[in-house]
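Structure file model24.txt with compact mmCIF, C-alpha atoms and all ligand atoms:
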```txt
# COMPACT_ATOMS: atom_id res chain seq x y z
CA MET A 1 -44.63 32.36 -14.73
CA GLN A 2 -46.75 32.89 -11.63
CA SER A 3 -49.51 30.29 -11.48
CA THR A 4 -53.15 31.01 -10.65
CA PRO A 5 -53.90 30.53 -6.94
CA GLN A 6 -55.87 27.44 -6.01
CA CYS A 7 -59.11 27.05 -4.09
CA ARG A 8 -60.00 24.59 -1.36
CA SER A 9 -63.21 23.43 0.24
CA THR A 10 -64.39 24.60 3.66
CA ARG A 11 -65.31 20.99 4.53
CA SER A 12 -62.35 18.81 3.53
CA GLU A 13 -58.90 18.83 1.97
CA ILE A 14 -60.32 18.97 -1.58
CA ARG A 15 -58.28 21.40 -3.70
CA VAL A 16 -59.11 22.50 -7.25
CA SER A 17 -58.00 25.14 -9.74
CA PHE A 18 -59.79 28.50 -9.67
CA GLU A 19 -61.22 27.59 -13.09
CA ASP A 20 -62.88 24.43 -11.77
CA ALA A 21 -64.13 26.26 -8.69
CA VAL A 22 -65.81 28.82 -10.97
CA LEU A 23 -67.36 26.17 -13.21
CA ASN A 24 -68.61 24.00 -10.34
CA GLY A 25 -69.77 26.59 -7.80
CA LEU A 26 -70.03 24.18 -4.88
CA ALA A 27 -67.32 21.70 -3.85
CA PRO A 28 -68.22 17.99 -4.30
CA ASP A 29 -68.30 17.56 -0.50
CA GLY A 30 -71.01 20.26 -0.29
CA GLY A 31 -68.57 22.88 1.05
CA LEU A 32 -67.85 26.34 -0.31
CA TYR A 33 -64.60 27.19 -2.03
CA VAL A 34 -62.15 29.62 -0.38
CA PRO A 35 -58.69 30.72 -1.55
CA ASP A 36 -56.20 28.02 -0.57
CA ALA A 37 -53.58 30.50 0.62
CA VAL A 38 -54.08 34.15 1.53
CA ALA A 39 -51.06 36.45 1.16
CA SER A 40 -50.93 39.02 3.96
CA ASP A 41 -49.26 41.74 1.88
CA VAL A 42 -51.47 42.29 -1.18
CA TYR A 43 -52.70 45.74 -0.08
CA ARG A 44 -51.07 48.84 -1.56
CA ALA A 45 -52.11 52.35 -0.54
CA ASP A 46 -51.15 54.14 -3.76
CA HIS A 47 -53.78 53.23 -6.36
CA ARG A 48 -55.18 56.22 -8.21
CA THR A 49 -58.39 54.67 -9.50
CA LEU A 50 -60.70 51.81 -8.63
CA SER A 51 -59.72 50.00 -11.82
CA ASP A 52 -56.01 50.27 -10.91
CA ALA A 53 -56.86 48.57 -7.62
CA ALA A 54 -58.86 45.95 -9.56
CA THR A 55 -55.91 45.24 -11.85
CA HIS A 56 -53.59 44.77 -8.87
CA TRP A 57 -55.94 42.55 -6.84
CA LEU A 58 -57.47 40.49 -9.64
CA SER A 59 -54.64 39.83 -12.14
CA PRO A 60 -53.31 36.86 -10.14
CA TRP A 61 -56.75 35.20 -10.48
CA LEU A 62 -57.60 36.08 -14.05
CA LYS A 63 -54.64 36.93 -16.29
CA PRO A 64 -55.73 40.08 -18.14
CA GLU A 65 -55.87 39.73 -21.92
CA SER A 66 -54.84 43.36 -22.37
CA ASN A 67 -53.55 46.28 -20.30
CA ASP A 68 -56.97 47.79 -19.97
CA PHE A 69 -58.85 44.53 -19.31
CA PHE A 70 -59.89 45.46 -15.75
CA HIS A 71 -60.57 49.07 -16.75
CA GLN A 72 -63.13 47.73 -19.20
CA LEU A 73 -64.53 45.32 -16.64
CA TYR A 74 -64.93 48.13 -14.08
CA PRO A 75 -65.37 51.37 -16.02
CA PHE A 76 -67.13 53.02 -13.06
CA ASP A 77 -66.00 54.43 -9.71
CA ALA A 78 -66.80 53.69 -6.07
CA PRO A 79 -66.46 57.16 -4.56
CA LEU A 80 -66.11 57.81 -0.84
CA VAL A 81 -68.48 60.58 0.27
CA ALA A 82 -68.17 62.28 3.69
CA LEU A 83 -71.55 63.22 5.23
CA ARG A 84 -71.77 66.68 6.77
CA GLY A 85 -74.17 67.79 9.49
CA GLY A 86 -76.16 66.55 12.45
CA HIS A 87 -75.82 63.10 13.95
CA TYR A 88 -74.05 61.67 10.90
CA ASP A 89 -71.34 64.30 10.57
CA GLY A 90 -68.01 62.79 9.46
CA ILE A 91 -69.36 59.35 8.58
CA HIS A 92 -68.10 58.18 5.17
CA VAL A 93 -70.28 56.45 2.63
CA LEU A 94 -68.61 54.23 0.02
CA GLU A 95 -71.00 54.31 -2.95
CA LEU A 96 -71.00 50.91 -4.63
CA PHE A 97 -73.97 51.59 -6.91
CA HIS A 98 -72.30 53.27 -9.89
CA GLY A 99 -72.30 50.11 -12.01
CA PRO A 100 -74.81 49.36 -14.79
CA THR A 101 -77.56 47.89 -12.59
CA LEU A 102 -77.11 50.23 -9.60
CA SER A 103 -76.15 47.78 -6.86
CA PHE A 104 -72.84 46.37 -5.60
CA LYS A 105 -73.82 43.04 -7.14
CA ASP A 106 -72.32 44.39 -10.40
CA PHE A 107 -68.81 43.96 -8.95
CA GLY A 108 -69.17 40.23 -8.37
CA ALA A 109 -71.31 39.48 -11.41
CA ARG A 110 -68.94 41.15 -13.89
CA PHE A 111 -65.89 39.25 -12.66
CA LEU A 112 -67.88 36.00 -12.58
CA GLY A 113 -68.89 36.56 -16.22
CA ALA A 114 -65.31 37.14 -17.34
CA ALA A 115 -63.98 34.17 -15.34
CA LEU A 116 -66.74 31.85 -16.59
CA ASN A 117 -66.27 32.80 -20.23
CA ARG A 118 -62.50 32.28 -19.93
CA ALA A 119 -62.91 28.86 -18.31
CA LEU A 120 -65.42 27.76 -20.98
CA ASP A 121 -63.13 29.02 -23.70
CA ARG A 122 -60.21 26.96 -22.41
CA GLN A 123 -62.36 23.85 -22.27
CA ASN A 124 -64.05 24.65 -25.59
CA ARG A 125 -67.54 24.43 -24.06
CA THR A 126 -70.65 26.54 -23.90
CA ALA A 127 -73.03 26.99 -20.97
CA ILE A 128 -76.52 28.12 -20.17
CA VAL A 129 -76.72 30.02 -16.91
CA LEU A 130 -80.09 29.45 -15.30
CA VAL A 131 -81.12 31.87 -12.54
CA ALA A 132 -84.26 32.25 -10.43
CA THR A 133 -84.35 35.79 -9.15
CA SER A 134 -86.49 38.13 -7.13
CA GLY A 135 -84.15 41.09 -6.96
CA ASP A 136 -80.72 42.62 -7.59
CA THR A 137 -78.82 39.45 -8.50
CA GLY A 138 -80.85 38.71 -11.62
CA SER A 139 -80.32 42.03 -13.34
CA ALA A 140 -76.63 42.20 -12.35
CA VAL A 141 -76.00 38.70 -13.70
CA ALA A 142 -78.03 39.30 -16.87
CA ASP A 143 -76.16 42.51 -17.57
CA ALA A 144 -72.72 41.06 -16.80
CA LEU A 145 -73.21 37.85 -18.77
CA SER A 146 -74.94 39.27 -21.82
CA SER A 147 -72.89 39.29 -25.04
CA LEU A 148 -70.41 36.65 -23.82
CA ASP A 149 -69.89 34.27 -26.74
CA ARG A 150 -69.90 31.05 -24.70
CA VAL A 151 -72.76 31.88 -22.35
CA ARG A 152 -76.50 32.31 -22.69
CA VAL A 153 -78.63 33.36 -19.75
CA VAL A 154 -82.15 32.26 -18.86
CA LEU A 155 -83.71 34.26 -16.01
CA LEU A 156 -86.89 33.22 -14.23
CA TYR A 157 -88.86 35.65 -12.10
CA PRO A 158 -92.35 35.48 -10.58
CA HIS A 159 -94.68 37.51 -12.80
CA GLY A 160 -96.26 40.42 -10.95
CA MET A 161 -94.27 39.79 -7.76
CA VAL A 162 -91.30 42.11 -8.24
CA SER A 163 -91.34 45.90 -8.03
CA PRO A 164 -91.88 47.91 -11.25
CA VAL A 165 -88.26 49.15 -11.25
CA GLN A 166 -86.94 45.63 -10.73
CA GLU A 167 -89.18 44.32 -13.49
CA ARG A 168 -87.91 46.91 -15.96
CA GLN A 169 -84.33 46.02 -15.06
CA LEU A 170 -84.97 42.30 -15.40
CA THR A 171 -86.75 42.48 -18.73
CA ALA A 172 -84.50 44.98 -20.53
CA THR A 173 -83.51 43.50 -23.89
CA ARG A 174 -79.97 42.13 -23.72
CA PRO A 175 -78.15 40.00 -26.29
CA GLY A 176 -77.86 36.39 -25.11
CA VAL A 177 -80.42 36.79 -22.33
CA GLN A 178 -83.93 35.32 -22.24
CA THR A 179 -86.18 36.47 -19.41
CA LEU A 180 -89.13 34.30 -18.39
CA ALA A 181 -92.02 35.75 -16.42
CA VAL A 182 -93.34 32.68 -14.62
CA ASP A 183 -97.02 32.54 -13.76
CA GLY A 184 -96.28 31.53 -10.16
CA SER A 185 -94.29 32.40 -7.03
CA PHE A 186 -90.57 32.77 -6.38
CA ASP A 187 -90.63 29.29 -4.89
CA ASP A 188 -92.05 27.98 -8.19
CA CYS A 189 -89.12 29.62 -10.02
CA GLN A 190 -86.61 27.97 -7.69
CA ARG A 191 -88.32 24.61 -8.04
CA LEU A 192 -88.22 24.85 -11.85
CA VAL A 193 -84.49 25.65 -11.77
CA LYS A 194 -83.83 22.64 -9.52
CA GLN A 195 -85.89 20.38 -11.79
CA ALA A 196 -84.06 21.63 -14.86
CA PHE A 197 -80.72 20.81 -13.24
CA ALA A 198 -81.93 17.36 -12.17
CA ARG A 199 -83.10 16.57 -15.72
CA ASP A 200 -80.14 18.18 -17.52
CA LYS A 201 -79.02 15.53 -20.04
CA VAL A 202 -76.83 17.86 -22.09
CA GLY A 203 -74.75 18.80 -19.03
CA ASP A 204 -74.32 22.46 -19.92
CA LEU A 205 -76.43 24.11 -17.22
CA THR A 206 -74.61 26.38 -14.75
CA SER A 207 -75.78 28.60 -11.93
CA ALA A 208 -74.38 32.04 -11.23
CA ASN A 209 -74.87 31.25 -7.59
CA SER A 210 -74.13 33.81 -4.92
CA ILE A 211 -71.76 31.37 -3.27
CA ASN A 212 -69.48 31.16 -6.34
CA ILE A 213 -65.93 32.11 -5.34
CA ALA A 214 -65.71 34.37 -8.41
CA ARG A 215 -68.29 36.67 -6.84
CA LEU A 216 -66.37 36.99 -3.58
CA ILE A 217 -62.84 37.70 -4.81
CA PRO A 218 -63.56 40.96 -6.69
CA GLN A 219 -65.51 42.41 -3.78
CA GLN A 220 -62.20 42.90 -1.96
CA ILE A 221 -61.14 45.65 -4.33
CA TYR A 222 -63.46 48.33 -3.02
CA TYR A 223 -62.35 47.81 0.59
CA ALA A 224 -58.80 48.49 -0.66
CA TRP A 225 -60.03 51.44 -2.72
CA ALA A 226 -61.81 52.91 0.33
CA ALA A 227 -58.52 52.73 2.26
CA CYS A 228 -56.66 54.43 -0.63
CA GLN A 229 -59.23 57.24 -0.69
CA LEU A 230 -59.05 57.69 3.09
CA GLY A 231 -55.25 57.94 2.98
CA SER A 232 -54.66 54.50 4.48
CA GLU A 233 -55.48 55.26 8.13
CA SER A 234 -57.10 52.32 9.84
CA PHE A 235 -60.88 52.50 9.78
CA ASP A 236 -64.05 50.70 10.87
CA VAL A 237 -66.41 49.47 8.19
CA VAL A 238 -70.16 48.92 8.36
CA VAL A 239 -71.53 46.29 5.96
CA PRO A 240 -75.31 46.04 5.27
CA SER A 241 -75.57 42.25 5.27
CA GLY A 242 -77.83 39.40 4.17
CA ASN A 243 -76.02 36.37 2.82
CA LEU A 244 -72.71 37.68 4.28
CA GLY A 245 -70.85 37.62 0.94
CA ASN A 246 -69.87 41.25 1.22
CA LEU A 247 -68.66 40.84 4.80
CA SER A 248 -66.69 37.69 3.88
CA ALA A 249 -64.92 39.62 1.12
CA GLY A 250 -64.07 42.37 3.61
CA TYR A 251 -62.67 39.83 6.03
CA LEU A 252 -60.50 38.39 3.27
CA ALA A 253 -59.35 41.89 2.27
CA ARG A 254 -58.28 42.55 5.86
CA CYS A 255 -56.29 39.29 5.91
CA SER A 256 -54.51 40.61 2.80
CA GLY A 257 -53.51 43.85 4.50
CA VAL A 258 -56.36 46.36 4.05
CA PRO A 259 -56.20 48.40 7.31
CA ILE A 260 -59.67 47.61 8.63
CA HIS A 261 -59.80 47.82 12.42
CA HIS A 262 -63.32 46.57 13.10
CA PHE A 263 -66.41 45.41 11.20
CA VAL A 264 -70.07 46.06 11.89
CA ALA A 265 -72.48 43.55 10.32
CA ALA A 266 -75.70 45.56 9.89
CA HIS A 267 -78.72 43.30 9.47
CA ASN A 268 -82.45 43.97 9.27
CA LYS A 269 -84.90 41.82 11.23
CA ASN A 270 -83.23 38.71 9.76
CA ASN A 271 -80.64 38.58 12.51
CA TRP A 272 -79.27 35.03 12.71
CA PHE A 273 -75.67 36.29 12.50
CA VAL A 274 -76.24 39.00 15.12
CA ASP A 275 -77.33 36.30 17.57
CA TYR A 276 -74.43 34.07 16.56
CA LEU A 277 -71.90 36.82 17.33
CA ALA A 278 -73.60 37.37 20.71
CA GLY A 279 -72.95 33.70 21.53
CA LYS A 280 -76.57 32.65 20.95
CA GLU A 281 -76.21 30.24 18.07
CA ARG A 282 -79.53 28.89 16.82
CA PRO A 283 -80.72 26.94 13.77
CA PHE A 284 -81.24 28.93 10.58
CA ALA A 285 -84.63 30.62 10.57
CA ASP A 286 -87.41 31.44 8.12
CA THR A 287 -87.04 34.69 6.24
CA HIS A 288 -88.84 37.86 7.38
CA VAL A 289 -89.92 40.29 4.66
CA THR A 290 -88.54 43.80 5.23
CA LEU A 291 -88.01 47.11 3.40
CA SER A 292 -84.33 46.20 2.80
CA ASN A 293 -85.42 43.12 0.86
CA ALA A 294 -82.03 42.20 -0.63
CA MET A 295 -80.97 41.43 2.94
CA ASP A 296 -83.94 39.18 3.71
CA VAL A 297 -81.92 36.02 4.27
CA GLY A 298 -82.75 33.60 7.07
CA ALA A 299 -79.89 31.19 6.33
CA PRO A 300 -76.77 33.17 5.34
CA SER A 301 -74.64 30.69 3.38
CA ASN A 302 -71.38 32.63 3.65
CA ALA A 303 -71.37 32.11 7.42
CA GLU A 304 -69.66 28.84 6.49
CA ARG A 305 -66.69 30.73 5.04
CA LEU A 306 -66.35 33.04 8.05
CA ARG A 307 -66.47 30.08 10.41
CA TYR A 308 -63.83 28.29 8.36
CA TRP A 309 -61.47 31.26 8.78
CA ALA A 310 -62.08 32.01 12.45
CA SER A 311 -63.69 30.75 15.64
CA GLN A 312 -66.84 32.28 17.12
CA SER A 313 -64.83 34.21 19.72
CA GLU A 314 -62.39 35.55 17.10
CA LEU A 315 -65.29 36.65 14.90
CA ALA A 316 -67.06 38.25 17.87
CA ALA A 317 -63.89 40.23 18.68
CA ASP A 318 -63.60 41.58 15.11
CA ILE A 319 -67.25 42.03 14.15
CA SER A 320 -70.15 43.72 15.96
CA GLY A 321 -73.58 42.57 14.88
CA MET A 322 -76.58 44.92 14.82
CA SER A 323 -80.19 44.42 13.85
CA VAL A 324 -82.19 47.42 12.58
CA SER A 325 -86.00 47.47 12.36
CA ASP A 326 -88.01 48.78 9.40
CA GLU A 327 -89.23 51.71 11.55
CA ARG A 328 -85.65 52.68 12.35
CA THR A 329 -84.69 52.28 8.68
CA VAL A 330 -87.39 54.73 7.54
CA GLU A 331 -86.52 57.11 10.39
CA THR A 332 -82.84 57.01 9.34
CA ILE A 333 -83.62 57.75 5.67
CA LYS A 334 -85.64 60.75 6.84
CA THR A 335 -83.09 62.07 9.38
CA VAL A 336 -80.08 61.61 7.10
CA ARG A 337 -81.94 63.46 4.35
CA SER A 338 -82.89 66.40 6.57
CA GLU A 339 -79.60 66.68 8.51
CA THR A 340 -77.04 66.00 5.75
CA ASP A 341 -78.96 66.31 2.49
CA TYR A 342 -77.90 62.77 1.55
CA LEU A 343 -80.33 60.22 0.09
CA ALA A 344 -79.61 56.73 1.39
CA ASP A 345 -81.49 53.71 0.03
CA PRO A 346 -83.11 51.35 2.62
CA HIS A 347 -80.08 48.97 2.70
CA THR A 348 -77.60 51.81 3.18
CA ALA A 349 -79.90 53.29 5.83
CA VAL A 350 -79.65 50.05 7.83
CA GLY A 351 -75.88 50.56 7.67
CA LEU A 352 -76.09 54.22 8.69
CA ALA A 353 -78.29 53.46 11.69
CA ALA A 354 -75.77 50.81 12.80
CA ALA A 355 -72.87 53.22 12.19
CA GLN A 356 -74.37 55.81 14.48
CA GLU A 357 -74.86 53.21 17.20
CA HIS A 358 -71.32 51.93 16.71
CA ARG A 359 -69.86 55.42 16.99
CA ARG A 360 -71.69 55.96 20.27
CA ALA A 361 -70.48 52.63 21.64
CA SER A 362 -66.80 52.88 20.55
CA ASP A 363 -64.02 55.38 21.30
CA GLY A 364 -65.18 57.43 18.36
CA ASP A 365 -62.01 58.77 16.74
CA ARG A 366 -61.46 56.24 13.97
CA PRO A 367 -63.06 56.93 10.58
CA ILE A 368 -66.22 54.94 9.91
CA VAL A 369 -67.01 53.80 6.36
CA VAL A 370 -70.55 52.60 5.55
CA LEU A 371 -70.90 50.54 2.38
CA SER A 372 -73.74 51.89 0.26
CA THR A 373 -75.01 48.82 -1.54
CA ALA A 374 -77.75 50.22 -3.81
CA HIS A 375 -78.94 53.42 -5.46
CA PRO A 376 -82.08 54.95 -3.88
CA ALA A 377 -83.79 55.14 -7.29
CA LYS A 378 -84.21 51.36 -7.13
CA PHE A 379 -86.68 51.85 -4.26
CA PRO A 380 -88.83 54.84 -5.25
CA GLU A 381 -91.86 53.83 -3.15
CA THR A 382 -89.95 53.53 0.15
CA MET A 383 -87.95 56.69 -0.54
CA LYS A 384 -91.11 58.65 -1.30
CA SER A 385 -92.89 57.50 1.84
CA ALA A 386 -89.83 58.30 4.01
CA THR A 387 -88.91 61.71 2.56
CA GLY A 388 -92.00 62.81 0.62
CA GLU A 389 -89.79 63.33 -2.43
CA ASP A 390 -89.40 61.55 -5.74
CA VAL A 391 -85.87 60.27 -6.31
CA GLU A 392 -84.22 61.40 -9.48
CA ALA A 393 -83.32 58.31 -11.50
CA PRO A 394 -79.80 58.12 -12.94
CA ARG A 395 -79.48 58.14 -16.72
CA ARG A 396 -78.68 54.43 -17.03
CA LEU A 397 -81.88 53.52 -15.19
CA VAL A 398 -83.92 55.87 -17.38
CA ALA A 399 -82.34 54.32 -20.47
CA THR A 400 -83.24 50.83 -19.20
CA ALA A 401 -86.83 51.93 -18.66
CA ALA A 402 -87.08 53.52 -22.09
CA GLY A 403 -85.42 50.68 -23.99
CA ALA A 404 -87.11 47.65 -25.48
CA SER A 405 -88.45 45.13 -23.02
CA ASN A 406 -88.33 41.44 -23.73
CA ARG A 407 -89.88 38.66 -21.75
CA THR A 408 -91.86 35.53 -22.34
CA LEU A 409 -94.74 34.59 -20.09
CA ILE A 410 -94.70 30.87 -19.24
CA PRO A 411 -96.78 28.57 -17.04
CA PRO A 412 -94.91 27.13 -14.02
CA THR A 413 -94.08 23.83 -15.69
CA ILE A 414 -90.77 22.15 -16.43
CA ASP A 415 -91.85 21.44 -20.02
CA ALA A 416 -92.20 25.13 -20.71
CA VAL A 417 -88.71 25.77 -19.30
CA GLU A 418 -87.15 22.92 -21.30
CA THR A 419 -88.63 24.22 -24.54
CA VAL A 420 -86.89 27.52 -23.89
CA LEU A 421 -83.61 25.79 -23.01
CA SER A 422 -83.51 23.83 -26.29
CA LYS A 423 -84.27 26.98 -28.24
CA GLN A 424 -81.37 28.74 -26.47
CA ARG A 425 -79.00 25.84 -27.17
CA SER A 426 -79.81 26.02 -30.85
CA LEU A 427 -78.71 29.68 -30.87
CA PHE A 428 -75.04 29.03 -30.10
CA GLY A 429 -73.32 29.58 -33.36
C1 LIG B 1 -77.27 41.50 -1.92
C2 LIG B 1 -77.45 42.79 -1.23
C3 LIG B 1 -77.08 43.00 0.13
C4 LIG B 1 -76.57 41.89 0.99
O1 LIG B 1 -75.26 41.48 0.64
P1 LIG B 1 -74.71 40.06 1.14
O2 LIG B 1 -73.41 39.90 0.43
O3 LIG B 1 -75.73 39.05 0.70
O4 LIG B 1 -74.57 40.12 2.62
C5 LIG B 1 -77.22 44.27 0.66
N1 LIG B 1 -77.72 45.30 -0.07
C6 LIG B 1 -78.10 45.14 -1.37
C7 LIG B 1 -78.66 46.30 -2.09
C8 LIG B 1 -77.97 43.90 -2.01
O5 LIG B 1 -78.35 43.76 -3.29
```
Can you give me the file's structure in the form of structure tokens?
Ligand SMILES: *Cc1c(COP(=O)(O)O)cnc(C)c1O
Amino acid sequence: MQSTPQCRSTRSEIRVSFEDAVLNGLAPDGGLYVPDAVASDVYRADHRTLSDAATHWLSPWLKPESNDFFHQLYPFDAPLVALRGGHYDGIHVLELFHGPTLSFKDFGARFLGAALNRALDRQNRTAIVLVATSGDTGSAVADALSSLDRVRVVLLYPHGMVSPVQERQLTATRPGVQTLAVDGSFDDCQRLVKQAFARDKVGDLTSANSINIARLIPQQIYYAWAACQLGSESFDVVVPSGNLGNLSAGYLARCSGVPIHHFVAAHNKNNWFVDYLAGKERPFADTHVTLSNAMDVGAPSNAERLRYWASQSELAADISGMSVSDERTVETIKTVRSETDYLADPHTAVGLAAAQEHRRASDGDRPIVVLSTAHPAKFPETMKSATGEDVEAPRRLVATAAGASNRTLIPPTIDAVETVLSKQRSLFG
């Protein structure tokens, strides 16, 4: 029987099973886990659906319990759409927002949920996943981890500090999920999570951290699926980036044979990685607030993985970095809408602006694929001010808005959080 691949740390020779890497998140030496060995020939050009690609890429990591296991995990598509007209003619958009919470975070969160539940099952344990959130991660994790028998989720968000759409997504009633609206800031939420971990006597707290290896591995499948849809020519891919998880997954996919010629890392004003690629390495910076807020990251943690795999000069040869301002983002939403009829959310618009620049700067005959990381209906205010139109919300977002909402308002104190945690523990049956 083929055994599950192992993981190793970026900082030392520590090697652990995938299961332990999922349960622990970070390596004991403070490093991030990466696959111990990367096969160069995983890619196949003949998948007929995204979930077929998922089955092929993910079965070695998580033995499916049934033939349709990965079809149930990913019952949605990631279609490749070719733009027509004007300056964007011929650019392809890979839509990664057809999952339940309308961002690409669903891909990582759903696999993490399945892997976590399996690992807990094998060790006959239960866990409480504690997450402080201000955006897409919280709703993707809550959705993916709800109804798992060995997991309960406690989400903390700053009351009154997230957008109305985000708040509806975070507070939708989900089995096994308790949402806490904290009377404080995002920093208060993060502090409370840290305190809860420091005081955890039961030892069952887990984070669904963005650096967990189980979030990275499944993000390879849509790079492979894009290649299948293109007909396996080599292509350039533009990745709207913040914490560099998506780009790291693409880099891994290329090592495993996906025919990606060149990457463009499209950042907003938070451009640490753009400077790094240009040979101007500087300390991590404070975060700037922008319209593409899921990419507002001053200290991208996945840079550690990229630097483990390749040197600065190798990365600079394979990846172009671009920084796009808020003005340019709004301008791009407007122009793309009027020239091609396509509605791109602010994160995708950062990617499209970078794609146009990249096409001008390169030889121009290779296909360009821009990853579309979120649905425009998640950002109705920005879309309205850029285009003057209201975005039509997809049915699953409307259903979320119409459904029951469930949240508990708490003061920003550790006692309030611990009361909730003991209540949740008592609910495991
Ligand atoms: C998280 C996120 C990003 C950034 O992805 P990274 O993997 O952190 O680089 C981009 N767009 C959206 C909509 C996101 O939610």
Could you list, as a PDB file with C-alpha atoms, in the frame of the given file, all the residues within 9 Å of ligand LIG 1 (chain B), counting only C-alpha atoms and all ligand atoms?
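Contents of result.pdb, as written:
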```pdb
ATOM      1  CA  PHE A  97     -73.970  51.590  -6.910  1.00  0.00           C
ATOM      2  CA  LEU A 102     -77.110  50.230  -9.600  1.00  0.00           C
ATOM      3  CA  SER A 103     -76.150  47.780  -6.860  1.00  0.00           C
ATOM      4  CA  PHE A 104     -72.840  46.370  -5.600  1.00  0.00           C
ATOM      5  CA  LYS A 105     -73.820  43.040  -7.140  1.00  0.00           C
ATOM      6  CA  GLY A 135     -84.150  41.090  -6.960  1.00  0.00           C
ATOM      7  CA  ASP A 136     -80.720  42.620  -7.590  1.00  0.00           C
ATOM      8  CA  THR A 137     -78.820  39.450  -8.500  1.00  0.00           C
ATOM      9  CA  SER A 210     -74.130  33.810  -4.920  1.00  0.00           C
ATOM     10  CA  LEU A 216     -66.370  36.990  -3.580  1.00  0.00           C
ATOM     11  CA  VAL A 239     -71.530  46.290   5.960  1.00  0.00           C
ATOM     12  CA  PRO A 240     -75.310  46.040   5.270  1.00  0.00           C
ATOM     13  CA  SER A 241     -75.570  42.250   5.270  1.00  0.00           C
ATOM     14  CA  GLY A 242     -77.830  39.400   4.170  1.00  0.00           C
ATOM     15  CA  ASN A 243     -76.020  36.370   2.820  1.00  0.00           C
ATOM     16  CA  LEU A 244     -72.710  37.680   4.280  1.00  0.00           C
ATOM     17  CA  GLY A 245     -70.850  37.620   0.940  1.00  0.00           C
ATOM     18  CA  ASN A 246     -69.870  41.250   1.220  1.00  0.00           C
ATOM     19  CA  LEU A 247     -68.660  40.840   4.800  1.00  0.00           C
ATOM     20  CA  SER A 248     -66.690  37.690   3.880  1.00  0.00           C
ATOM     21  CA  ALA A 249     -64.920  39.620   1.120  1.00  0.00           C
ATOM     22  CA  ALA A 265     -72.480  43.550  10.320  1.00  0.00           C
ATOM     23  CA  HIS A 267     -78.720  43.300   9.470  1.00  0.00           C
ATOM     24  CA  SER A 292     -84.330  46.200   2.800  1.00  0.00           C
ATOM     25  CA  ASN A 293     -85.420  43.120   0.860  1.00  0.00           C
ATOM     26  CA  ALA A 294     -82.030  42.200  -0.630  1.00  0.00           C
ATOM     27  CA  MET A 295     -80.970  41.430   2.940  1.00  0.00           C
ATOM     28  CA  ASP A 296     -83.940  39.180   3.710  1.00  0.00           C
ATOM     29  CA  VAL A 297     -81.920  36.020   4.270  1.00  0.00           C
ATOM     30  CA  PRO A 300     -76.770  33.170   5.340  1.00  0.00           C
ATOM     31  CA  SER A 301     -74.640  30.690   3.380  1.00  0.00           C
ATOM     32  CA  ASN A 302     -71.380  32.630   3.650  1.00  0.00           C
ATOM     33  CA  ASP A 345     -81.490  53.710   0.030  1.00  0.00           C
ATOM     34  CA  PRO A 346     -83.110  51.350   2.620  1.00  0.00           C
ATOM     35  CA  HIS A 347     -80.080  48.970   2.700  1.00  0.00           C
ATOM     36  CA  THR A 348     -77.600  51.810   3.180  1.00  0.00           C
ATOM     37  CA  LEU A 371     -70.900  50.540   2.380  1.00  0.00           C
ATOM     38  CA  SER A 372     -73.740  51.890   0.260  1.00  0.00           C
ATOM     39  CA  THR A 373     -75.010  48.820  -1.540  1.00  0.00           C
ATOM     40  CA  ALA A 374     -77.750  50.220  -3.810  1.00  0.00           C
ATOM     41  CA  HIS A 375     -78.940  53.420  -5.460  1.00  0.00           C
TER      42      HIS A 375
END
```
Quick one: everything within 9 Å of A:Val165, counting all atoms listed in the file, minus sequence neighbours fewer than 3 positions away in the same chain. Send it as a CSV table (one decimal) with C-alpha atoms, keeping the file's coordinate frame.
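Writing the result to out_1.csv gives the following:
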```csv
chain,number,residue,atom,x,y,z
A,162,VAL,CA,-91.3,42.1,-8.2
A,168,ARG,CA,-87.9,46.9,-16.0
A,169,GLN,CA,-84.3,46.0,-15.1
A,170,LEU,CA,-85.0,42.3,-15.4
A,377,ALA,CA,-83.8,55.1,-7.3
A,378,LYS,CA,-84.2,51.4,-7.1
A,379,PHE,CA,-86.7,51.8,-4.3
A,380,PRO,CA,-88.8,54.8,-5.2
A,397,LEU,CA,-81.9,53.5,-15.2
A,401,ALA,CA,-86.8,51.9,-18.7
```
Find the distance between atom CA of A:Ser147 and atom CA of A:Thr133 and write it in Å to one decimal.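 These atoms are spaced 19.9 Å apart.
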Close residues, A:Leu116 itself excluded, 9 Å, all atoms listed in the file, min 2 positions apart in chain, as a list in words: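 Counting all atoms listed in the file, the residues come to Glu19, Val22, Leu23, Phe111, Leu112, Gly113, Ala114, Arg118, Ala119, Leu120, Asp121, Arg150, Val151 and Ala214 of chain A.
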Produce a file of the selected residues containing C-alpha atoms, as a short mmCIF file (atom, residue, chain, number, x, y, z; two decimals), in the frame of the given file.
```cif
data_model
loop_
_atom_site.label_atom_id
_atom_site.label_comp_id
_atom_site.auth_asym_id
_atom_site.auth_seq_id
_atom_site.Cartn_x
_atom_site.Cartn_y
_atom_site.Cartn_z
CA GLU A 19 -61.22 27.59 -13.09
CA VAL A 22 -65.81 28.82 -10.97
CA LEU A 23 -67.36 26.17 -13.21
CA PHE A 111 -65.89 39.25 -12.66
CA LEU A 112 -67.88 36.00 -12.58
CA GLY A 113 -68.89 36.56 -16.22
CA ALA A 114 -65.31 37.14 -17.34
CA ARG A 118 -62.50 32.28 -19.93
CA ALA A 119 -62.91 28.86 -18.31
CA LEU A 120 -65.42 27.76 -20.98
CA ASP A 121 -63.13 29.02 -23.70
CA ARG A 150 -69.90 31.05 -24.70
CA VAL A 151 -72.76 31.88 -22.35
CA ALA A 214 -65.71 34.37 -8.41
#
```
